[in-house]
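J.: One structure follows; several queries about it will come next.
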Amino acid sequence: MRAAGRAHGEVGERVWAVEGCNGIGRHIAHRLAHDGEHVVDVPTKLSAQVRVFATGNARKTDPVDAHSVALAALYAPAEPGLRPVVVEADLVVMGLMVDRRDELGRARTQTLNRLHRLLLELIRGGAKTFLSAPQARALVATVKPRDLVGKTRRRLVVELIGELEVIDRKIKATEKELTMLVTERGSTLLELTGIGPTGAARLLADVGDIHRFRAKDRFASWNGTAPLDASSGAQQRHRLSRAGNRRINRTLHIMAVVQLRNPSPGGVLRCPQGGRHALVDGDAVPQTTPVEHRVHGHGRRPDPARAHPSRPVR
């Protein structure tokens, strides 16, 4: 690809337009940016609109896709323009570490499920739902089976407890590293009630440059917390959006739940119907004081070069 690009100027003179640099085009965009190329991100919706207007239909082929992406990049308005791709090493590391934290969390859940199954067969009534490694070790110490099957179960339980302790140590070390990365980034997300190191790192890694959202409502639409109009006639109602970044939606969902359970400044949220229920069907619902708007504000870092009358620097 770079060999083909050499026919169109030197490095720094040519511009590469890549569709979906935060999604499927992330790998190629980051490789080009790492090699010193100038890369701009073409939103998938923008290229789709160009494809429909250029061909009269939404059929996708490689030549048509390349042509629509190139047209979108050539005729994009100067303000706000297309977002240049900048590879920030700390955000890449943060994304890797938060993915690792999610994997450790799933591994811990699987280990606990296996532990509960064996304890239920080894001890009458089994163990309590929320079980830690020290509690499980103290519990299994009270059981001394004499038969071969019981001894085997007890040995497997001890092995699983050892695995659980190892996973807990890795989780603690990962969260400590994530806290350090978020703090060094200069973000104030950890000041929000309901946002821990994992949630803050997920927000920073997935969102990237918060300035790419021209308004808070666009950020809400991107993460799937903006309601969709489902009105019919005189009946005015909205429904949840199943689109958007579901990982960010889950982080905001956890934040809303924590704020409801633990009163905090701005933590009493109301749904459009006027009640005090901030969640519907396990999803974060836009509120009178939406949590995604507060996250959007805390995700911004002072940047005088981006100052704009309609978007004050915070």
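Chains: A, B, ... in order of the structure tokens. Residues: from 1 per chain. Ligands: from 1, in order shown.
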Can you tell me which residues surround Ala89 in chain A at a distance of at most 12 Å, considering only C-alpha atoms, apart from same-chain residues fewer than 6 positions away, and format the answer as a list of chain:residue names?
T.: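 After dropping sequence-adjacent residues, the list is A:His30, A:Ala33, A:His34, A:Gly95, A:Leu96, A:Leu181, A:Arg185, A:Ala205, A:Gly208.
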J.: Using DSSP secondary structure from the backbone, list all helix (DSSP H, G or I) positions within range 65-211 of chain A, as a ChimeraX atom specification.
T.: /A:65-74,89-122,133-140,148-185,189-191,197-207,210-211
J.: Between CA of Ile248 in chain A and CA of Leu190 in chain A, what distance in Å does the model show, to one decimal?
T.: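 Separation of CA of Ile248 in chain A and CA of Leu190 in chain A: 15.3 Å.
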J.: Would you kindly return, as number ranges by chain, each protein, DNA or RNA residue with an atom no farther than 6 Å from any atom of range 79-88 of chain A, considering only C-alpha atoms and excluding same-chain residues fewer than 3 positions away?
T.: A: 39-41, 76, 91
J.: From the list A:Val64, A:Leu260, A:Val295, A:Leu32, which residue is nearest Asp217 in chain A when using only C-alpha atoms?
T.: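 Distance minimum relative to Asp217 in chain A lands on A:Val295.
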J.: So, with only C-alpha atoms as the atoms that count, which of A:Asn113, A:Asn223, A:Thr142, A:Thr188 lies closest to Asp206 in chain A?
T.: A:Asn223
J.: Report the distance between CA of Ala243 in chain A and CA of Gly224 in chain A in Å, rounded to one decimal place.
T.: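 Calculated distance between CA of Ala243 in chain A and CA of Gly224 in chain A is 5.4 Å.
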